[in-house]
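Below is one structure, written out as structure tokens; comments come after it.
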Amino acid sequence: MTLLNATSLSHAFDYPLFEDISLTLNAGESIAIVGVSGSGKSTLLHILSSLLQPNSGRVELFGNDIYTLSDTALVDLRRDDLGLIYQSHYLFKGFSAYENLEVAAILAHQSIDEALLVRLGIENVIRQKVTELSGGQQQRVSIARVLSKKPRLIFADEPTGNLDHATALEVMDIFDDYLKQHQAAMILVTHDESLAARCTHIYRMQNGSLRES
Ligand SMILES: Nc1ncnc2c1ncn2[C@@H]1O[C@H](COP(=O)(O)OP(=O)(O)OP(=O)(O)O)[C@@H](O)[C@H]1O
Ligand SMILES: [Mg+2]
């Protein structure tokens, strides 16, 4: 089943960033996007994940042409079906890590997966305030928060950038298991070729185009 279908995406800020990018993602699959810093990976991820309307082209998620949806329909889709893990973690700073998970779980009518917290190695720090956690711990809380929502599509921008390699590999295992278990799919932006190699497809952003490699 196709969960994401992007056709002929082009975008420019001060200068053209990329042109004519098309991409399809099926349930159970993952796509890694690699490319040098500044090549437009995060911008593409924002476009695919409903946060930025492209200059041209179309993004269909679950068969909906998302940039033609009403604002409320788009908010519902984001809340119920999309898991966004970005370079800056959007955790509520005044709350504990656990409260952050609770908010996400309640909004999505899901429960918190305690076994996941153990697997991520954050079960002992989960009662602390977000601001008291290390960067890597905050990153793992963000991952737990997103998976607690049980999204069908995960968009992750360098989700393991603050983690040591062994922990990063464990996070990849967690993503793999999640995708299989829930017939979900993921787009992962990474600079780490060994993590990219774990995905079903690898795409390279280069000279304004995206090519499978
Ligand atoms: N909101 C914006 N307004 C203007 N220019 C932007 C905006 N967002 C990104 N850019 C520009 O677009 C280019 C690509 O940025 P982007 O964040 O997509 O790169 P990236 O491939 O994710 O890089 P990195 O690997 O460093 O995260 C950069 O030159 C950046 O300055
Ligand atoms: Mg980026």
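By order of appearance in the structure tokens: chains A, B, ..., then residues from 1 within every chain, and ligands from 1 in the order shown.
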Region 61-72 of chain A environment, 10 Å, only C-alpha atoms, sequence neighbours closer than 5 positions dropped, as an MDAnalysis selection string:
chainID A and resid 1:6 25 47:54 77:78 81:82 152:153
May I have the residues from that selection written out with C-alpha atoms, as a CSV table (one decimal), in the first residue's frame?
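Output contents, as saved in part34.csv:
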```
chain,number,residue,atom,x,y,z
A,1,MET,CA,0.0,0.0,0.0
A,2,THR,CA,1.3,3.4,-1.0
A,3,LEU,CA,1.4,5.8,2.0
A,4,LEU,CA,3.3,8.7,0.4
A,5,ASN,CA,3.4,9.7,-3.2
A,6,ALA,CA,5.3,12.9,-4.2
A,25,LEU,CA,6.9,5.1,-0.1
A,47,ILE,CA,7.5,19.6,2.3
A,48,LEU,CA,6.8,15.8,2.5
A,49,SER,CA,5.6,16.1,6.1
A,50,SER,CA,2.9,18.8,5.5
A,51,LEU,CA,4.9,21.7,7.0
A,52,LEU,CA,5.9,23.6,3.9
A,53,GLN,CA,4.1,24.0,0.7
A,54,PRO,CA,6.4,23.5,-2.3
A,77,LEU,CA,-3.8,14.3,9.7
A,78,ARG,CA,-0.6,15.5,11.4
A,81,ASP,CA,-1.0,9.8,11.4
A,82,LEU,CA,2.3,11.6,11.2
A,152,ARG,CA,1.6,5.5,10.1
A,153,LEU,CA,4.3,7.7,8.7
```
Point to revise | All residues 12 Å or closer to Glu170 (chain A), only C-alpha atoms, same chain fewer than 2 positions away omitted, as JSON, numbers by chain | key: {"A": [116, 118, 119, 120, 121, 140, 160, 163, 164, 165, 166, 167, 168, 172, 173, 174, 175, 176, 177, 195, 198]}
Just write the chosen residues, N, CA and C atoms, as an mmCIF file, in the first residue's frame.
```
data_model
loop_
_atom_site.group_PDB
_atom_site.id
_atom_site.type_symbol
_atom_site.label_atom_id
_atom_site.label_comp_id
_atom_site.auth_asym_id
_atom_site.auth_seq_id
_atom_site.Cartn_x
_atom_site.Cartn_y
_atom_site.Cartn_z
ATOM 1 N N LEU A 116 9.170 0.320 25.651
ATOM 2 C CA LEU A 116 9.943 1.150 24.720
ATOM 3 C C LEU A 116 10.900 2.065 25.476
ATOM 4 N N VAL A 118 12.310 1.471 28.306
ATOM 5 C CA VAL A 118 13.422 0.654 28.771
ATOM 6 C C VAL A 118 14.392 0.412 27.623
ATOM 7 N N ARG A 119 13.835 0.093 26.456
ATOM 8 C CA ARG A 119 14.676 -0.183 25.289
ATOM 9 C C ARG A 119 15.494 1.041 24.897
ATOM 10 N N LEU A 120 14.891 2.207 25.060
ATOM 11 C CA LEU A 120 15.598 3.441 24.722
ATOM 12 C C LEU A 120 16.546 3.875 25.847
ATOM 13 N N GLY A 121 16.473 3.166 26.983
ATOM 14 C CA GLY A 121 17.376 3.492 28.096
ATOM 15 C C GLY A 121 17.050 4.801 28.779
ATOM 16 N N ARG A 140 16.076 10.889 22.612
ATOM 17 C CA ARG A 140 15.375 9.613 22.803
ATOM 18 C C ARG A 140 13.959 9.825 23.340
ATOM 19 N N THR A 160 19.287 10.491 15.290
ATOM 20 C CA THR A 160 20.300 9.913 16.177
ATOM 21 C C THR A 160 21.573 10.758 16.188
ATOM 22 N N LEU A 163 23.569 10.816 19.396
ATOM 23 C CA LEU A 163 23.746 9.536 20.089
ATOM 24 C C LEU A 163 25.042 8.845 19.678
ATOM 25 N N ASP A 164 25.590 8.058 20.597
ATOM 26 C CA ASP A 164 26.739 7.228 20.248
ATOM 27 C C ASP A 164 26.263 6.146 19.279
ATOM 28 N N HIS A 165 27.229 5.505 18.603
ATOM 29 C CA HIS A 165 26.864 4.614 17.510
ATOM 30 C C HIS A 165 26.017 3.421 17.970
ATOM 31 N N ALA A 166 26.373 2.859 19.121
ATOM 32 C CA ALA A 166 25.630 1.682 19.609
ATOM 33 C C ALA A 166 24.182 2.060 19.906
ATOM 34 N N THR A 167 23.979 3.217 20.538
ATOM 35 C CA THR A 167 22.613 3.653 20.839
ATOM 36 C C THR A 167 21.865 3.974 19.546
ATOM 37 N N ALA A 168 22.572 4.572 18.585
ATOM 38 C CA ALA A 168 21.950 4.884 17.289
ATOM 39 C C ALA A 168 21.469 3.594 16.609
ATOM 40 N N MET A 172 17.702 2.403 15.529
ATOM 41 C CA MET A 172 17.324 1.894 14.202
ATOM 42 C C MET A 172 16.568 0.572 14.331
ATOM 43 N N ASP A 173 17.000 -0.281 15.256
ATOM 44 C CA ASP A 173 16.283 -1.546 15.498
ATOM 45 C C ASP A 173 14.853 -1.262 15.946
ATOM 46 N N ILE A 174 14.721 -0.265 16.826
ATOM 47 C CA ILE A 174 13.385 0.090 17.333
ATOM 48 C C ILE A 174 12.504 0.570 16.183
ATOM 49 N N PHE A 175 13.072 1.424 15.313
ATOM 50 C CA PHE A 175 12.303 1.887 14.145
ATOM 51 C C PHE A 175 11.904 0.710 13.251
ATOM 52 N N ASP A 176 12.868 -0.172 12.969
ATOM 53 C CA ASP A 176 12.595 -1.352 12.122
ATOM 54 C C ASP A 176 11.433 -2.157 12.664
ATOM 55 N N ASP A 177 11.495 -2.468 13.959
ATOM 56 C CA ASP A 177 10.450 -3.275 14.588
ATOM 57 C C ASP A 177 9.110 -2.553 14.505
ATOM 58 N N LEU A 195 23.727 3.910 8.856
ATOM 59 C CA LEU A 195 22.297 3.923 9.213
ATOM 60 C C LEU A 195 21.450 3.954 7.940
ATOM 61 N N ARG A 198 20.633 0.696 6.372
ATOM 62 C CA ARG A 198 19.617 -0.135 7.009
ATOM 63 C C ARG A 198 18.220 0.098 6.421
#
```
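Among the candidates A:His109, A:His11, A:His182, A:Arg58, the one nearest to Pro151 (chain A) when counting only C-alpha atoms is A:His182.
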Kindly assemble as a tab-separated table a list of the chain A residues that lie within 10 Å of ligand 2, each paired with its nearest atom pair and their distance in Å to one decimal, using only C-alpha atoms and all ligand atoms, sorted first by chain and then by ascending residue number.
```
residue	atom	partner	partner_atom_place_in_ligand_line	distance
A:Val34	CA	ligand 2	1 (Mg)	10.0
A:Gly35	CA	ligand 2	1 (Mg)	9.6
A:Val36	CA	ligand 2	1 (Mg)	9.3
A:Ser37	CA	ligand 2	1 (Mg)	6.8
A:Gly38	CA	ligand 2	1 (Mg)	7.0
A:Ser39	CA	ligand 2	1 (Mg)	8.3
A:Gly40	CA	ligand 2	1 (Mg)	7.0
A:Lys41	CA	ligand 2	1 (Mg)	5.5
A:Ser42	CA	ligand 2	1 (Mg)	4.1
A:Thr43	CA	ligand 2	1 (Mg)	7.2
A:Leu44	CA	ligand 2	1 (Mg)	9.2
A:Leu45	CA	ligand 2	1 (Mg)	8.7
A:His46	CA	ligand 2	1 (Mg)	9.8
A:Tyr86	CA	ligand 2	1 (Mg)	8.7
A:Gln87	CA	ligand 2	1 (Mg)	7.0
A:Asp157	CA	ligand 2	1 (Mg)	6.7
A:Glu158	CA	ligand 2	1 (Mg)	7.6
A:Val189	CA	ligand 2	1 (Mg)	7.6
A:Thr190	CA	ligand 2	1 (Mg)	8.7
A:His191	CA	ligand 2	1 (Mg)	9.6
```
Next, write the just-selected residues to a file, as a CSV table (one decimal), in the first residue's frame, keeping N, CA and C atoms as the atom set.
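What follows is the written file part-v1.csv:
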```
chain,number,residue,atom,x,y,z
A,34,VAL,N,20.3,11.1,2.0
A,34,VAL,CA,21.6,11.6,2.3
A,34,VAL,C,22.0,12.7,1.4
A,35,GLY,N,23.0,13.5,1.8
A,35,GLY,CA,23.5,14.6,1.0
A,35,GLY,C,24.2,15.6,1.8
A,36,VAL,N,25.0,16.4,1.2
A,36,VAL,CA,25.8,17.3,1.9
A,36,VAL,C,25.0,18.4,2.7
A,37,SER,N,25.6,19.0,3.7
A,37,SER,CA,24.9,20.0,4.4
A,37,SER,C,24.5,21.2,3.5
A,38,GLY,N,23.2,21.6,3.6
A,38,GLY,CA,22.7,22.7,2.8
A,38,GLY,C,22.1,22.3,1.5
A,39,SER,N,22.1,21.0,1.2
A,39,SER,CA,21.6,20.5,-0.1
A,39,SER,C,20.1,20.5,-0.2
A,40,GLY,N,19.4,20.7,1.0
A,40,GLY,CA,17.9,20.8,0.9
A,40,GLY,C,17.2,19.6,1.5
A,41,LYS,N,17.9,18.8,2.3
A,41,LYS,CA,17.2,17.6,2.8
A,41,LYS,C,16.1,17.9,3.8
A,42,SER,N,16.4,18.8,4.7
A,42,SER,CA,15.4,19.2,5.7
A,42,SER,C,14.2,19.9,5.1
A,43,THR,N,14.5,20.7,4.1
A,43,THR,CA,13.5,21.4,3.4
A,43,THR,C,12.6,20.4,2.7
A,44,LEU,N,13.1,19.4,2.0
A,44,LEU,CA,12.3,18.4,1.4
A,44,LEU,C,11.5,17.6,2.4
A,45,LEU,N,12.1,17.3,3.6
A,45,LEU,CA,11.3,16.6,4.6
A,45,LEU,C,10.2,17.5,5.1
A,46,HIS,N,10.4,18.8,5.3
A,46,HIS,CA,9.3,19.6,5.7
A,46,HIS,C,8.2,19.6,4.6
A,86,TYR,N,12.4,16.1,14.5
A,86,TYR,CA,13.2,17.1,13.8
A,86,TYR,C,14.5,17.4,14.5
A,87,GLN,N,15.3,18.1,13.8
A,87,GLN,CA,16.7,18.4,14.3
A,87,GLN,C,16.6,19.1,15.6
A,157,ASP,N,14.6,13.6,11.0
A,157,ASP,CA,15.7,14.4,10.5
A,157,ASP,C,16.8,14.2,11.5
A,158,GLU,N,17.8,13.5,11.1
A,158,GLU,CA,19.0,13.2,12.0
A,158,GLU,C,18.6,12.8,13.4
A,189,VAL,N,16.4,11.3,7.3
A,189,VAL,CA,17.5,12.1,6.8
A,189,VAL,C,18.7,11.8,7.7
A,190,THR,N,19.8,11.4,7.1
A,190,THR,CA,21.0,11.1,7.9
A,190,THR,C,22.3,11.4,7.2
A,191,HIS,N,23.3,11.7,8.0
A,191,HIS,CA,24.7,11.8,7.4
A,191,HIS,C,25.4,10.5,7.6
```
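Atom pair CA of Leu23 (chain A) / CA of Thr7 (chain A) has a distance of 6.7 Å (rounded to one decimal).
The closest residue to Arg204 (chain A), picked from A:Ala156, A:Leu107, A:Ala27, A:Leu188 and counting only C-alpha atoms, is A:Leu188.
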What separates CA of Gln206 (chain A) and CA of Gly28 (chain A) is a distance of 26.3 Å
- Task: Could you find all residues in chain A that DSSP calls strand (DSSP E or B) from the backbone, and write them as a VMD selection string?
- Result: chain A and resid 2 to 12 16 to 26 30 to 34 56 to 61 64 to 65 82 to 85 96 129 153 to 157 185 to 189 201 to 206 209 to 212
With C-alpha atoms kept, could you save the residues just selected as a PDB file, in the first residue's frame?
```
ATOM      1  CA  THR A   2       1.342   3.417  -0.951  1.00  0.00           C
ATOM      2  CA  LEU A   3       1.420   5.814   2.009  1.00  0.00           C
ATOM      3  CA  LEU A   4       3.311   8.676   0.403  1.00  0.00           C
ATOM      4  CA  ASN A   5       3.441   9.745  -3.197  1.00  0.00           C
ATOM      5  CA  ALA A   6       5.267  12.934  -4.150  1.00  0.00           C
ATOM      6  CA  THR A   7       5.282  14.167  -7.730  1.00  0.00           C
ATOM      7  CA  SER A   8       7.592  16.637  -9.404  1.00  0.00           C
ATOM      8  CA  LEU A   9       8.485  18.738  -6.369  1.00  0.00           C
ATOM      9  CA  SER A  10      10.473  21.912  -6.889  1.00  0.00           C
ATOM     10  CA  HIS A  11      11.428  24.513  -4.343  1.00  0.00           C
ATOM     11  CA  ALA A  12      13.518  27.671  -4.101  1.00  0.00           C
ATOM     12  CA  PRO A  16      16.538  27.132  -6.629  1.00  0.00           C
ATOM     13  CA  LEU A  17      17.130  24.337  -4.139  1.00  0.00           C
ATOM     14  CA  PHE A  18      15.818  21.321  -6.027  1.00  0.00           C
ATOM     15  CA  GLU A  19      13.696  20.467  -9.038  1.00  0.00           C
ATOM     16  CA  ASP A  20      11.409  17.709 -10.205  1.00  0.00           C
ATOM     17  CA  ILE A  21      11.698  15.348  -7.258  1.00  0.00           C
ATOM     18  CA  SER A  22       9.327  12.375  -7.221  1.00  0.00           C
ATOM     19  CA  LEU A  23       9.152   9.742  -4.515  1.00  0.00           C
ATOM     20  CA  THR A  24       6.931   6.841  -3.477  1.00  0.00           C
ATOM     21  CA  LEU A  25       6.886   5.129  -0.107  1.00  0.00           C
ATOM     22  CA  ASN A  26       4.976   1.957   0.696  1.00  0.00           C
ATOM     23  CA  SER A  30      11.929   3.096   4.818  1.00  0.00           C
ATOM     24  CA  ILE A  31      13.773   5.646   2.720  1.00  0.00           C
ATOM     25  CA  ALA A  32      17.070   7.253   3.731  1.00  0.00           C
ATOM     26  CA  ILE A  33      17.922  10.668   2.312  1.00  0.00           C
ATOM     27  CA  VAL A  34      21.598  11.571   2.346  1.00  0.00           C
ATOM     28  CA  SER A  56       5.389  23.347  -7.398  1.00  0.00           C
ATOM     29  CA  GLY A  57       4.503  19.673  -7.319  1.00  0.00           C
ATOM     30  CA  ARG A  58       2.152  17.553  -5.269  1.00  0.00           C
ATOM     31  CA  VAL A  59       2.369  15.542  -2.063  1.00  0.00           C
ATOM     32  CA  GLU A  60      -0.168  12.798  -1.428  1.00  0.00           C
ATOM     33  CA  LEU A  61      -0.275  11.184   2.008  1.00  0.00           C
ATOM     34  CA  ASN A  64      -4.876  12.911   0.099  1.00  0.00           C
ATOM     35  CA  ASP A  65      -3.336  15.791  -1.842  1.00  0.00           C
ATOM     36  CA  LEU A  82       2.338  11.628  11.207  1.00  0.00           C
ATOM     37  CA  GLY A  83       5.328  11.268  13.487  1.00  0.00           C
ATOM     38  CA  LEU A  84       7.739  14.158  13.140  1.00  0.00           C
ATOM     39  CA  ILE A  85      11.205  13.958  14.666  1.00  0.00           C
ATOM     40  CA  SER A  96       8.979  16.408  32.716  1.00  0.00           C
ATOM     41  CA  LYS A 129      12.404  17.948  33.596  1.00  0.00           C
ATOM     42  CA  LEU A 153       4.322   7.700   8.664  1.00  0.00           C
ATOM     43  CA  ILE A 154       7.491   8.790  10.448  1.00  0.00           C
ATOM     44  CA  PHE A 155       9.656  11.693   9.263  1.00  0.00           C
ATOM     45  CA  ALA A 156      12.977  11.787  11.072  1.00  0.00           C
ATOM     46  CA  ASP A 157      15.681  14.403  10.527  1.00  0.00           C
ATOM     47  CA  ALA A 185       6.795   3.728   6.830  1.00  0.00           C
ATOM     48  CA  MET A 186       9.643   6.147   7.476  1.00  0.00           C
ATOM     49  CA  ILE A 187      11.732   8.782   5.758  1.00  0.00           C
ATOM     50  CA  LEU A 188      15.053   9.254   7.505  1.00  0.00           C
ATOM     51  CA  VAL A 189      17.509  12.061   6.809  1.00  0.00           C
ATOM     52  CA  HIS A 201      15.964   2.574  -0.243  1.00  0.00           C
ATOM     53  CA  ILE A 202      18.741   5.169  -0.209  1.00  0.00           C
ATOM     54  CA  TYR A 203      18.309   8.453  -2.068  1.00  0.00           C
ATOM     55  CA  ARG A 204      21.005  11.072  -2.592  1.00  0.00           C
ATOM     56  CA  MET A 205      20.333  14.787  -2.792  1.00  0.00           C
ATOM     57  CA  GLN A 206      22.881  16.215  -5.184  1.00  0.00           C
ATOM     58  CA  SER A 209      18.050  16.406  -7.772  1.00  0.00           C
ATOM     59  CA  LEU A 210      17.247  13.336  -5.771  1.00  0.00           C
ATOM     60  CA  ARG A 211      18.392   9.980  -7.121  1.00  0.00           C
ATOM     61  CA  GLU A 212      18.113   6.467  -5.784  1.00  0.00           C
TER      62      GLU A 212
END
```
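When only C-alpha atoms and all ligand atoms are used to compute distances to ligand 1, the closest of the residues A:Gln137, A:Asn207, A:Gln128, A:Gln181 turns out to be A:Asn207.
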